$ cat work13.pdb   # PDB, C-alpha atoms
ATOM      1  CA  MET B 166     157.717 165.388  80.353
ATOM      2  CA  ALA B 167     158.089 166.813  83.861
ATOM      3  CA  MET B 168     159.036 170.126  82.329
ATOM      4  CA  ALA B 169     156.063 170.024  79.964
ATOM      5  CA  SER B 170     153.871 169.354  82.967
ATOM      6  CA  GLY B 171     155.381 172.289  84.863
ATOM      7  CA  LEU B 172     154.927 174.510  81.830
ATOM      8  CA  LEU B 173     151.284 173.529  81.458
ATOM      9  CA  PHE B 174     150.720 174.025  85.169
ATOM     10  CA  GLY B 175     152.292 177.474  85.099
ATOM     11  CA  VAL B 176     150.305 178.608  82.060
ATOM     12  CA  GLY B 177     147.144 177.262  83.686
ATOM     13  CA  LEU B 178     147.829 179.263  86.831
ATOM     14  CA  GLY B 179     148.518 182.425  84.839
ATOM     15  CA  VAL B 180     145.421 182.095  82.643
ATOM     16  CA  SER B 181     143.164 181.239  85.573
ATOM     17  CA  GLY B 182     143.860 184.334  87.649
ATOM     18  CA  MET B 183     145.589 182.443  90.479
ATOM     19  CA  THR B 184     148.707 184.586  89.999
ATOM     20  CA  LEU B 185     146.768 187.749  90.885
ATOM     21  CA  PRO B 186     146.826 188.137  94.682
ATOM     22  CA  SER B 187     143.890 190.558  94.541
ATOM     23  CA  LYS B 188     141.854 187.823  92.834
ATOM     24  CA  VAL B 189     142.784 185.336  95.571
ATOM     25  CA  VAL B 190     141.870 187.808  98.295
ATOM     26  CA  GLY B 191     138.574 188.505  96.480
ATOM     27  CA  PHE B 192     137.839 184.783  96.385
ATOM     28  CA  LEU B 193     138.449 184.416 100.120
ATOM     29  CA  ASP B 194     136.560 187.606 100.991
ATOM     30  CA  PHE B 195     133.168 186.088 101.744
ATOM     31  CA  THR B 196     131.991 189.049 103.789
ATOM     32  CA  GLY B 197     133.093 191.687 101.245
ATOM     33  CA  ALA B 198     132.742 191.844  97.467
ATOM     34  CA  TRP B 199     133.076 188.081  96.982
ATOM     35  CA  ASP B 200     134.595 187.059  93.627
ATOM     36  CA  ALA B 201     133.745 183.407  93.017
ATOM     37  CA  SER B 202     135.937 183.093  89.890
ATOM     38  CA  LEU B 203     138.679 180.968  91.408
ATOM     39  CA  ALA B 204     136.192 178.296  92.437
ATOM     40  CA  PHE B 205     136.040 177.532  88.703
ATOM     41  CA  VAL B 206     139.783 176.819  88.676
ATOM     42  CA  MET B 207     139.233 174.038  91.175
ATOM     43  CA  ILE B 208     136.125 172.804  89.366
ATOM     44  CA  GLY B 209     137.979 172.603  86.035
ATOM     45  CA  ALA B 210     141.131 171.060  87.480
ATOM     46  CA  ILE B 211     139.313 168.482  89.603
ATOM     47  CA  ALA B 212     136.870 167.515  86.836
ATOM     48  CA  VAL B 213     139.742 166.782  84.451
ATOM     49  CA  HIS B 214     142.094 165.183  86.946
ATOM     50  CA  ALA B 215     139.494 163.055  88.750
ATOM     51  CA  LEU B 216     138.625 161.428  85.418
ATOM     52  CA  MET B 217     142.219 161.144  84.167
ATOM     53  CA  TYR B 218     143.402 159.830  87.534
ATOM     54  CA  ARG B 219     141.109 156.849  87.259
ATOM     55  CA  LEU B 220     142.138 156.128  83.676
ATOM     56  CA  ILE B 221     145.850 156.459  84.448
ATOM     57  CA  ARG B 222     145.686 154.286  87.560
ATOM     58  CA  ARG B 223     144.377 151.408  85.447
ATOM     59  CA  ARG B 224     147.932 151.082  84.168
ATOM     60  CA  GLU B 225     150.441 148.970  86.032
ATOM     61  CA  ALA B 226     152.992 151.770  86.206
ATOM     62  CA  PRO B 227     153.737 155.236  84.868
ATOM     63  CA  LEU B 228     155.858 155.652  81.732
ATOM     64  CA  PHE B 229     159.185 156.426  83.373
ATOM     65  CA  ASP B 230     158.903 154.734  86.744
ATOM     66  CA  LEU B 231     158.213 151.273  88.112
ATOM     67  CA  ARG B 232     155.311 152.387  90.276
ATOM     68  CA  PHE B 233     152.996 155.253  91.152
ATOM     69  CA  HIS B 234     153.949 157.452  94.095
ATOM     70  CA  VAL B 235     150.555 158.333  95.487
ATOM     71  CA  PRO B 236     149.814 158.966  99.180
ATOM     72  CA  THR B 237     147.582 156.329 100.753
ATOM     73  CA  ARG B 238     147.029 157.655 104.283
ATOM     74  CA  LYS B 239     143.417 158.286 105.222
ATOM     75  CA  ASP B 240     143.606 159.300 108.897
ATOM     76  CA  LEU B 241     143.407 162.918 109.971
ATOM     77  CA  ASP B 242     146.072 164.069 112.405
ATOM     78  CA  PRO B 243     146.705 167.384 114.182
ATOM     79  CA  ARG B 244     149.821 167.928 112.097
ATOM     80  CA  LEU B 245     147.868 167.912 108.823
ATOM     81  CA  LEU B 246     145.199 170.267 110.110
ATOM     82  CA  ALA B 247     147.625 172.623 111.867
ATOM     83  CA  GLY B 248     149.755 172.820 108.716
ATOM     84  CA  ALA B 249     146.740 173.494 106.516
ATOM     85  CA  ALA B 250     145.491 176.132 108.974
ATOM     86  CA  LEU B 251     148.830 177.990 108.985
ATOM     87  CA  PHE B 252     149.078 177.763 105.209
ATOM     88  CA  GLY B 253     145.579 179.221 104.834
ATOM     89  CA  VAL B 254     146.422 182.225 106.991
ATOM     90  CA  GLY B 255     149.504 182.916 104.849
ATOM     91  CA  TRP B 256     147.516 182.421 101.632
ATOM     92  CA  GLY B 257     144.838 184.888 102.704
ATOM     93  CA  LEU B 258     147.339 187.398 104.024
ATOM     94  CA  GLY B 259     149.712 187.456 101.042
ATOM     95  CA  GLY B 260     147.410 186.302  98.252
ATOM     96  CA  PHE B 261     149.913 183.706  97.052
ATOM     97  CA  CYS B 262     150.105 179.950  97.340
ATOM     98  CA  PRO B 263     153.380 178.239  96.317
ATOM     99  CA  GLY B 264     152.702 177.600  92.597
ATOM    100  CA  PRO B 265     151.530 181.089  91.601
ATOM    101  CA  ALA B 266     154.339 182.630  93.671
ATOM    102  CA  LEU B 267     156.948 180.677  91.679
ATOM    103  CA  VAL B 268     155.300 181.510  88.350
ATOM    104  CA  SER B 269     155.209 185.194  89.340
ATOM    105  CA  LEU B 270     158.839 185.191  90.430
ATOM    106  CA  VAL B 271     160.021 186.270  86.977
ATOM    107  CA  SER B 272     157.620 189.196  86.969
ATOM    108  CA  GLY B 273     160.223 190.641  89.292
ATOM    109  CA  GLY B 274     157.971 192.410  91.768
ATOM    110  CA  SER B 275     159.760 192.922  95.079
ATOM    111  CA  ALA B 276     156.753 191.560  97.003
ATOM    112  CA  VAL B 277     156.889 188.247  95.111
ATOM    113  CA  VAL B 278     160.623 187.887  95.622
ATOM    114  CA  ALA B 279     160.220 188.590  99.355
ATOM    115  CA  PHE B 280     157.333 186.141  99.543
ATOM    116  CA  VAL B 281     159.245 183.302  97.853
ATOM    117  CA  ALA B 282     162.355 183.913  99.988
ATOM    118  CA  ALA B 283     160.233 183.820 103.142
ATOM    119  CA  MET B 284     158.415 180.717 101.898
ATOM    120  CA  LEU B 285     161.712 178.876 101.366
ATOM    121  CA  GLY B 286     162.753 180.016 104.846
ATOM    122  CA  GLY B 287     159.503 178.667 106.282
ATOM    123  CA  MET B 288     160.028 175.320 104.555
ATOM    124  CA  LEU B 289     163.593 175.047 105.870
ATOM    125  CA  LEU B 290     162.429 176.041 109.350
ATOM    126  CA  GLN B 291     159.782 173.301 109.325
ATOM    127  CA  GLN B 292     162.396 170.720 108.267
ATOM    128  CA  PHE B 293     164.686 171.927 111.020
ATOM    129  CA  VAL B 294     161.923 171.595 113.634
ATOM    130  CA  ASP B 295     161.226 168.059 112.378
ATOM    131  CA  GLN B 296     164.886 167.101 112.657
ATOM    132  CA  MET B 297     165.113 168.540 116.176
ATOM    133  CA  LYS B 298     162.061 166.501 117.127
ATOM    134  CA  VAL B 299     163.556 163.284 115.761
ATOM    135  CA  ARG B 300     166.820 163.999 117.568
ATOM    136  CA  GLY B 301     164.984 164.830 120.805
ATOM    137  CA  GLU B 302     163.023 161.589 120.634
ATOM    138  CA  SER B 303     166.110 159.450 120.059
ATOM    139  CA  HIS B 304     167.900 161.209 122.937
ATOM    140  CA  ALA B 305     164.967 160.528 125.226
ATOM    141  CA  GLY B 306     165.173 156.892 124.188
ATOM    142  CA  GLY B 307     161.553 156.908 123.107
ATOM    143  CA  GLY B 308     162.181 155.074 119.850
ATOM    144  CA  GLY B 309     159.130 154.539 117.708
ATOM    145  CA  SER B 310     157.018 156.904 119.774
ATOM    146  CA  HIS B 311     154.837 159.264 117.826
ATOM    147  CA  THR B 312     152.659 160.449 120.660
ATOM    148  CA  GLN B 313     154.506 163.716 121.138
ATOM    149  CA  PRO B 314     151.945 166.512 120.966
ATOM    150  CA  VAL B 315     152.253 169.012 118.180
ATOM    151  CA  THR B 316     153.504 172.217 119.685
ATOM    152  CA  LYS B 317     152.037 175.424 118.457
TER     153      LYS B 317
ATOM    154  CA  MET N  23     130.771 190.786  91.283
ATOM    155  CA  HIS N  24     132.295 193.027  88.648
ATOM    156  CA  ASN N  25     135.561 191.044  88.555
ATOM    157  CA  PHE N  26     133.860 187.713  87.900
ATOM    158  CA  THR N  27     135.922 185.761  85.328
ATOM    159  CA  PRO N  28     134.665 182.183  85.290
ATOM    160  CA  VAL N  29     135.736 181.315  81.729
ATOM    161  CA  PRO N  30     139.504 181.951  82.005
ATOM    162  CA  ALA N  31     139.375 180.417  85.485
ATOM    163  CA  LEU N  32     137.769 177.251  84.140
ATOM    164  CA  LEU N  33     140.194 177.140  81.211
ATOM    165  CA  GLY N  34     143.199 177.577  83.504
ATOM    166  CA  GLY N  35     141.803 174.917  85.816
ATOM    167  CA  ILE N  36     141.514 172.467  82.918
ATOM    168  CA  LEU N  37     145.177 173.107  82.010
ATOM    169  CA  ILE N  38     146.168 172.483  85.638
ATOM    170  CA  GLY N  39     144.182 169.241  85.664
ATOM    171  CA  LEU N  40     145.876 168.124  82.432
ATOM    172  CA  SER N  41     149.287 169.030  83.840
ATOM    173  CA  ALA N  42     148.701 166.985  87.001
ATOM    174  CA  SER N  43     147.534 164.078  84.827
ATOM    175  CA  LEU N  44     150.627 164.305  82.626
ATOM    176  CA  LEU N  45     152.960 164.186  85.632
ATOM    177  CA  LEU N  46     151.107 161.194  87.064
ATOM    178  CA  PHE N  47     151.099 159.405  83.700
ATOM    179  CA  SER N  48     154.784 160.017  82.961
ATOM    180  CA  HIS N  49     156.476 159.953  86.380
ATOM    181  CA  GLY N  50     153.784 158.598  88.688
ATOM    182  CA  LYS N  51     154.054 161.677  90.866
ATOM    183  CA  ILE N  52     151.565 164.031  92.484
ATOM    184  CA  ALA N  53     151.721 167.585  91.112
ATOM    185  CA  GLY N  54     151.943 169.230  94.519
ATOM    186  CA  ILE N  55     154.071 172.335  94.224
ATOM    187  CA  SER N  56     155.009 172.659  97.894
ATOM    188  CA  GLY N  57     156.030 168.991  98.055
ATOM    189  CA  ILE N  58     158.031 169.142  94.819
ATOM    190  CA  LEU N  59     159.837 172.299  95.964
ATOM    191  CA  GLY N  60     160.220 171.274  99.607
ATOM    192  CA  GLY N  61     161.722 167.926  98.631
ATOM    193  CA  LEU N  62     164.568 169.759  96.906
ATOM    194  CA  LEU N  63     165.478 171.463 100.172
ATOM    195  CA  SER N  64     166.001 168.175 101.979
ATOM    196  CA  PRO N  65     169.353 166.362 101.617
ATOM    197  CA  GLN N  66     167.632 162.946 101.866
ATOM    198  CA  THR N  67     165.646 163.414  98.656
ATOM    199  CA  SER N  68     166.847 161.186  95.840
ATOM    200  CA  ASP N  69     164.376 161.943  93.036
ATOM    201  CA  ARG N  70     165.630 165.433  92.240
ATOM    202  CA  SER N  71     165.519 165.418  88.470
ATOM    203  CA  TYR N  72     161.738 165.441  87.858
ATOM    204  CA  ARG N  73     161.407 168.126  90.572
ATOM    205  CA  LEU N  74     163.933 170.400  88.892
ATOM    206  CA  TRP N  75     162.384 169.935  85.454
ATOM    207  CA  PHE N  76     158.882 170.574  86.757
ATOM    208  CA  LEU N  77     159.947 173.752  88.558
ATOM    209  CA  ALA N  78     161.914 174.861  85.490
ATOM    210  CA  GLY N  79     158.673 174.468  83.517
ATOM    211  CA  LEU N  80     156.833 176.664  86.021
ATOM    212  CA  LEU N  81     159.474 179.400  85.744
ATOM    213  CA  VAL N  82     159.542 179.230  81.939
ATOM    214  CA  ALA N  83     155.736 179.515  81.961
ATOM    215  CA  GLY N  84     156.215 182.648  84.052
ATOM    216  CA  ILE N  85     158.553 184.117  81.448
ATOM    217  CA  GLY N  86     156.173 183.217  78.611
ATOM    218  CA  LEU N  87     153.203 184.768  80.388
ATOM    219  CA  ARG N  88     155.229 187.863  81.156
ATOM    220  CA  VAL N  89     155.822 188.351  77.437
ATOM    221  CA  LEU N  90     152.520 187.150  75.954
ATOM    222  CA  TYR N  91     150.000 187.796  78.728
ATOM    223  CA  PRO N  92     151.351 190.387  81.183
ATOM    224  CA  ALA N  93     147.854 190.847  82.653
ATOM    225  CA  ALA N  94     148.501 187.596  84.550
ATOM    226  CA  PHE N  95     150.704 189.512  86.976
ATOM    227  CA  ALA N  96     149.863 192.242  89.416
ATOM    228  CA  VAL N  97     151.728 195.460  89.980
ATOM    229  CA  GLY N  98     152.414 195.991  93.665
ATOM    230  CA  SER N  99     151.082 193.849  96.451
ATOM    231  CA  VAL N 100     147.887 193.235  98.404
ATOM    232  CA  ALA N 101     149.637 193.787 101.727
ATOM    233  CA  PRO N 102     152.564 195.727 103.222
ATOM    234  CA  LEU N 103     155.981 194.079 102.877
ATOM    235  CA  GLY N 104     156.111 192.894 106.502
ATOM    236  CA  ALA N 105     152.789 191.100 106.081
ATOM    237  CA  VAL N 106     153.978 189.561 102.792
ATOM    238  CA  VAL N 107     157.076 188.137 104.502
ATOM    239  CA  ALA N 108     154.978 186.777 107.376
ATOM    240  CA  ALA N 109     152.622 185.257 104.786
ATOM    241  CA  GLY N 110     155.532 183.589 102.990
ATOM    242  CA  LEU N 111     156.836 182.086 106.226
ATOM    243  CA  LEU N 112     153.385 180.753 107.112
ATOM    244  CA  VAL N 113     152.872 179.297 103.628
ATOM    245  CA  GLY N 114     156.297 177.610 103.643
ATOM    246  CA  PHE N 115     156.027 176.238 107.168
ATOM    247  CA  GLY N 116     152.349 175.287 106.914
ATOM    248  CA  THR N 117     152.531 173.492 103.575
ATOM    249  CA  ARG N 118     155.444 171.331 104.730
ATOM    250  CA  LEU N 119     153.818 170.594 108.091
ATOM    251  CA  GLY N 120     150.512 169.734 106.429
ATOM    252  CA  ASN N 121     152.119 167.962 103.445
ATOM    253  CA  GLY N 122     150.514 170.006 100.728
ATOM    254  CA  CYS N 123     149.056 173.187  99.354
ATOM    255  CA  THR N 124     146.331 174.209  96.928
ATOM    256  CA  SER N 125     147.709 171.921  94.215
ATOM    257  CA  GLY N 126     148.625 168.787  96.166
ATOM    258  CA  HIS N 127     145.599 168.771  98.467
ATOM    259  CA  GLY N 128     143.135 171.040  96.663
ATOM    260  CA  VAL N 129     143.453 169.580  93.166
ATOM    261  CA  CYS N 130     145.293 166.239  93.235
ATOM    262  CA  GLY N 131     144.040 165.050  96.626
ATOM    263  CA  ILE N 132     140.394 165.926  96.099
ATOM    264  CA  SER N 133     140.532 164.307  92.647
ATOM    265  CA  ARG N 134     141.503 161.049  94.399
ATOM    266  CA  PHE N 135     138.736 161.623  96.991
ATOM    267  CA  SER N 136     141.382 161.632  99.738
ATOM    268  CA  PRO N 137     139.751 162.448 103.087
ATOM    269  CA  ARG N 138     143.004 163.999 104.332
ATOM    270  CA  SER N 139     143.175 166.355 101.372
ATOM    271  CA  LEU N 140     139.510 167.261 101.647
ATOM    272  CA  ALA N 141     139.964 168.115 105.342
ATOM    273  CA  ALA N 142     143.124 170.103 104.574
ATOM    274  CA  THR N 143     141.399 172.050 101.785
ATOM    275  CA  VAL N 144     138.377 172.929 103.925
ATOM    276  CA  THR N 145     140.791 174.007 106.684
ATOM    277  CA  PHE N 146     143.010 176.262 104.565
ATOM    278  CA  MET N 147     140.022 177.858 102.827
ATOM    279  CA  ALA N 148     138.481 178.598 106.228
ATOM    280  CA  THR N 149     141.628 180.069 107.780
ATOM    281  CA  GLY N 150     142.342 181.907 104.514
ATOM    282  CA  ALA N 151     138.904 183.501 104.654
ATOM    283  CA  ALA N 152     139.482 184.355 108.320
ATOM    284  CA  ALA N 153     142.845 185.952 107.481
ATOM    285  CA  VAL N 154     141.243 188.023 104.714
ATOM    286  CA  PHE N 155     138.434 189.087 107.039
ATOM    287  CA  VAL N 156     140.881 190.244 109.712
ATOM    288  CA  SER N 157     143.348 191.914 107.342
ATOM    289  CA  ARG N 158     140.713 193.605 105.090
ATOM    290  CA  HIS N 159     137.818 194.409 107.374
ATOM    291  CA  VAL N 160     139.397 194.674 110.830
ATOM    292  CA  LEU N 161     142.960 195.916 110.330
ATOM    293  CA  HIS N 162     142.327 197.481 106.890
ATOM    294  CA  LEU N 163     145.785 196.502 105.609
ATOM    295  CA  GLY N 164     146.366 198.164 102.268
ATOM    296  CA  GLY N 165     148.782 197.250  99.525
ATOM    297  CA  GLY N 166     152.265 198.554  98.875
ATOM    298  CA  GLN N 167     153.714 199.216  95.470
TER     299      GLN N 167
END
$ encode --input "work13.pdb" --output "structure tokens"
Amino acid sequence: MAMASGLLFGVGLGVSGMTLPSKVVGFLDFTGAWDASLAFVMIGAIAVHALMYRLIRRREAPLFDLRFHVPTRKDLDPRLLAGAALFGVGWGLGGFCPGPALVSLVSGGSAVVAFVAAMLGGMLLQQFVDQMKVRGESHAGGGGSHTQPVTK
Amino acid sequence: MHNFTPVPALLGGILIGLSASLLLFSHGKIAGISGILGGLLSPQTSDRSYRLWFLAGLLVAGIGLRVLYPAAFAVGSVAPLGAVVAAGLLVGFGTRLGNGCTSGHGVCGISRFSPRSLAATVTFMATGAAAVFVSRHVLHLGGGQ
């Protein structure tokens, strides 16, 4: 079922135009020749999922698990916004977000391969920074503290 | 807007929405690509199997599209290779720091009316637009082949 979901997701991305970096750049190019097409991807996906989400969450549990794993946090923190800001810059610059980049990987273009390799590197780097932070906090004896400012 | 393609975009969006619903219904998980992929890179992650199957599905979809609908993929790149690598690093680092990308925040999060996801989506669209403005209209970065 997870594979079917991934398959459906990938086909959706390919059909929608999300795998074309020029389309993504056109969508984000508000001051140039703006191409609004990709807004319809979000409209379609959210319309379907917002409805289905409510129907599915009426169930006690998903089919193959004892409970739903859905984030419940509501507060905004600098980490969330800084992460989203950095991601946006990369998205606009390269024209790829993670899903379309993975779907395009088999198309074999050297740019896509370089992008995905760098993306994995970025993910590992972020994990490494997190681990260093945890280690630094435990060394400083500041257990349970989460007031450390996010460094840029 | 000579490249305006709302119908395939809407159709693809509907498929993405159905896919996210299927993953929630079957495994109770959020279809956030960066989270599913990033979790595999961490040794503490225990739920590896659904992640691997989901990503396998994405790659197989890529192969299928390559054969049946090659127009889904671009030849060349929108930016020089150095910029593409920098973009990849930013996307990897940023999505893990901010716990999500276009799928997890933009589709799944907004569908749940999550204020965090809404704020994240507004933020990455804004900085994405800013990056396009600077790279297209200030630096005039062209594509490589």
$ residues_around --input "work13.pdb" --residues "Gly60 of chain N" --least-positions-apart "4" --cutoff "9 Å" --atoms "all atoms listed in the file" --output "ChimeraX atom specification"
/B:285,288-289,292 /N:55-56,64,114,117-118
$ residues_around --input "work13.pdb" --residues "Val176 of chain B" --least-positions-apart "4" --cutoff "12 Å" --atoms "all atoms listed in the file" --output "ChimeraX atom specification"
/B:169-172,180-184,264-265,267-269 /N:30-31,33-41,79-88,90-92,94-95
$ atom_distance --input "work13.pdb" --atom1 "atom CA of Phe76 of chain N" --atom2 "atom CA of Leu173 of chain B"
9.7 Å
$ resolve_selection --input "work13.pdb" --expression "the PyMOL selection byres ((chain N and resi 43) around 12)" --output "PDB file with C-alpha atoms, in the coordinates of the input"
ATOM      1  CA  MET B 166     157.717 165.388  80.353  1.00  0.00           C
ATOM      2  CA  ALA B 167     158.089 166.813  83.861  1.00  0.00           C
ATOM      3  CA  ALA B 169     156.063 170.024  79.964  1.00  0.00           C
ATOM      4  CA  SER B 170     153.871 169.354  82.967  1.00  0.00           C
ATOM      5  CA  GLY B 171     155.381 172.289  84.863  1.00  0.00           C
ATOM      6  CA  LEU B 173     151.284 173.529  81.458  1.00  0.00           C
ATOM      7  CA  PHE B 174     150.720 174.025  85.169  1.00  0.00           C
ATOM      8  CA  ALA B 210     141.131 171.060  87.480  1.00  0.00           C
ATOM      9  CA  ILE B 211     139.313 168.482  89.603  1.00  0.00           C
ATOM     10  CA  ALA B 212     136.870 167.515  86.836  1.00  0.00           C
ATOM     11  CA  VAL B 213     139.742 166.782  84.451  1.00  0.00           C
ATOM     12  CA  HIS B 214     142.094 165.183  86.946  1.00  0.00           C
ATOM     13  CA  ALA B 215     139.494 163.055  88.750  1.00  0.00           C
ATOM     14  CA  LEU B 216     138.625 161.428  85.418  1.00  0.00           C
ATOM     15  CA  MET B 217     142.219 161.144  84.167  1.00  0.00           C
ATOM     16  CA  TYR B 218     143.402 159.830  87.534  1.00  0.00           C
ATOM     17  CA  ARG B 219     141.109 156.849  87.259  1.00  0.00           C
ATOM     18  CA  LEU B 220     142.138 156.128  83.676  1.00  0.00           C
ATOM     19  CA  ILE B 221     145.850 156.459  84.448  1.00  0.00           C
ATOM     20  CA  ARG B 222     145.686 154.286  87.560  1.00  0.00           C
ATOM     21  CA  PRO B 227     153.737 155.236  84.868  1.00  0.00           C
TER      22      PRO B 227
ATOM     23  CA  ILE N  36     141.514 172.467  82.918  1.00  0.00           C
ATOM     24  CA  LEU N  37     145.177 173.107  82.010  1.00  0.00           C
ATOM     25  CA  ILE N  38     146.168 172.483  85.638  1.00  0.00           C
ATOM     26  CA  GLY N  39     144.182 169.241  85.664  1.00  0.00           C
ATOM     27  CA  LEU N  40     145.876 168.124  82.432  1.00  0.00           C
ATOM     28  CA  SER N  41     149.287 169.030  83.840  1.00  0.00           C
ATOM     29  CA  ALA N  42     148.701 166.985  87.001  1.00  0.00           C
ATOM     30  CA  LEU N  44     150.627 164.305  82.626  1.00  0.00           C
ATOM     31  CA  LEU N  45     152.960 164.186  85.632  1.00  0.00           C
ATOM     32  CA  LEU N  46     151.107 161.194  87.064  1.00  0.00           C
ATOM     33  CA  PHE N  47     151.099 159.405  83.700  1.00  0.00           C
ATOM     34  CA  SER N  48     154.784 160.017  82.961  1.00  0.00           C
ATOM     35  CA  HIS N  49     156.476 159.953  86.380  1.00  0.00           C
ATOM     36  CA  GLY N  50     153.784 158.598  88.688  1.00  0.00           C
ATOM     37  CA  LYS N  51     154.054 161.677  90.866  1.00  0.00           C
ATOM     38  CA  ILE N  52     151.565 164.031  92.484  1.00  0.00           C
ATOM     39  CA  ALA N  53     151.721 167.585  91.112  1.00  0.00           C
ATOM     40  CA  GLY N  54     151.943 169.230  94.519  1.00  0.00           C
ATOM     41  CA  VAL N 129     143.453 169.580  93.166  1.00  0.00           C
ATOM     42  CA  CYS N 130     145.293 166.239  93.235  1.00  0.00           C
ATOM     43  CA  SER N 133     140.532 164.307  92.647  1.00  0.00           C
ATOM     44  CA  ARG N 134     141.503 161.049  94.399  1.00  0.00           C
TER      45      ARG N 134
END
$ axis_aligned_box --input "work13.pdb" --around "segment 171-179 of chain B" --padding-each-side "5 Å" --output "JSON"
{"center_x": 151.3, "center_y": 177.4, "center_z": 84.1, "size_x": 18.2, "size_y": 20.1, "size_z": 15.4}
$ atom_distance --input "work13.pdb" --atom1 "atom CA of Gly120 of chain N" --atom2 "atom CA of Gly259 of chain B"
18.5 Å
$ atom_distance --input "work13.pdb" --atom1 "atom CA of Leu258 of chain B" --atom2 "atom CA of Ala105 of chain N"
6.9 Å
$ residues_around --input "work13.pdb" --residues "Gly274 of chain B" --least-positions-apart "6" --cutoff "12 Å" --atoms "all atoms listed in the file" --output "PyMOL selection string"
(chain B and resi 266-268+280-281) or (chain N and resi 88+95-99+103+166-167)
$ residues_around --input "work13.pdb" --residues "Gly164 of chain N" --least-positions-apart "2" --cutoff "10 Å" --atoms "only C-alpha atoms" --output "JSON list (two decimals) with C-alpha atoms, keeping the file's coordinate frame"
[["chain", "number", "residue", "atom", "x", "y", "z"],
["N", 99, "SER", "CA", 151.08, 193.85, 96.45],
["N", 100, "VAL", "CA", 147.89, 193.24, 98.40],
["N", 101, "ALA", "CA", 149.64, 193.79, 101.73],
["N", 102, "PRO", "CA", 152.56, 195.73, 103.22],
["N", 157, "SER", "CA", 143.35, 191.91, 107.34],
["N", 158, "ARG", "CA", 140.71, 193.60, 105.09],
["N", 161, "LEU", "CA", 142.96, 195.92, 110.33],
["N", 162, "HIS", "CA", 142.33, 197.48, 106.89],
["N", 166, "GLY", "CA", 152.26, 198.55, 98.88]]
$ residues_around --input "work13.pdb" --residues "Phe26 of chain N" --least-positions-apart "5" --cutoff "8 Å" --atoms "only C-alpha atoms" --output "compact mmCIF listing (two decimals) with C-alpha atoms, in the coordinates of the input"
# COMPACT_ATOMS: atom_id res chain seq x y z
CA ASP B 200 134.60 187.06 93.63
CA ALA B 201 133.74 183.41 93.02
CA SER B 202 135.94 183.09 89.89
$ closest_residue --input "work13.pdb" --among "B:Gly273, B:Gly197, B:Gly260, B:Gly255" --to "chain N" --atoms "only C-alpha atoms"
B:Gly255
$ closest_residue --input "work13.pdb" --among "B:Thr237, B:Thr196, B:Gln296, B:Ser275" --to "His159 of chain N" --atoms "only C-alpha atoms"
B:Thr196
$ closest_residue --input "work13.pdb" --among "B:Ala204, B:Ala283, B:Val189, B:Met297" --to "Ala153 of chain N" --atoms "only C-alpha atoms"
B:Val189
$ resolve_selection --input "work13.pdb" --expression "the PyMOL selection byres ((chain B and resi 193) around 7)" --output "ChimeraX atom specification"
/B:189-192,194-195,257 /N:150-151,154
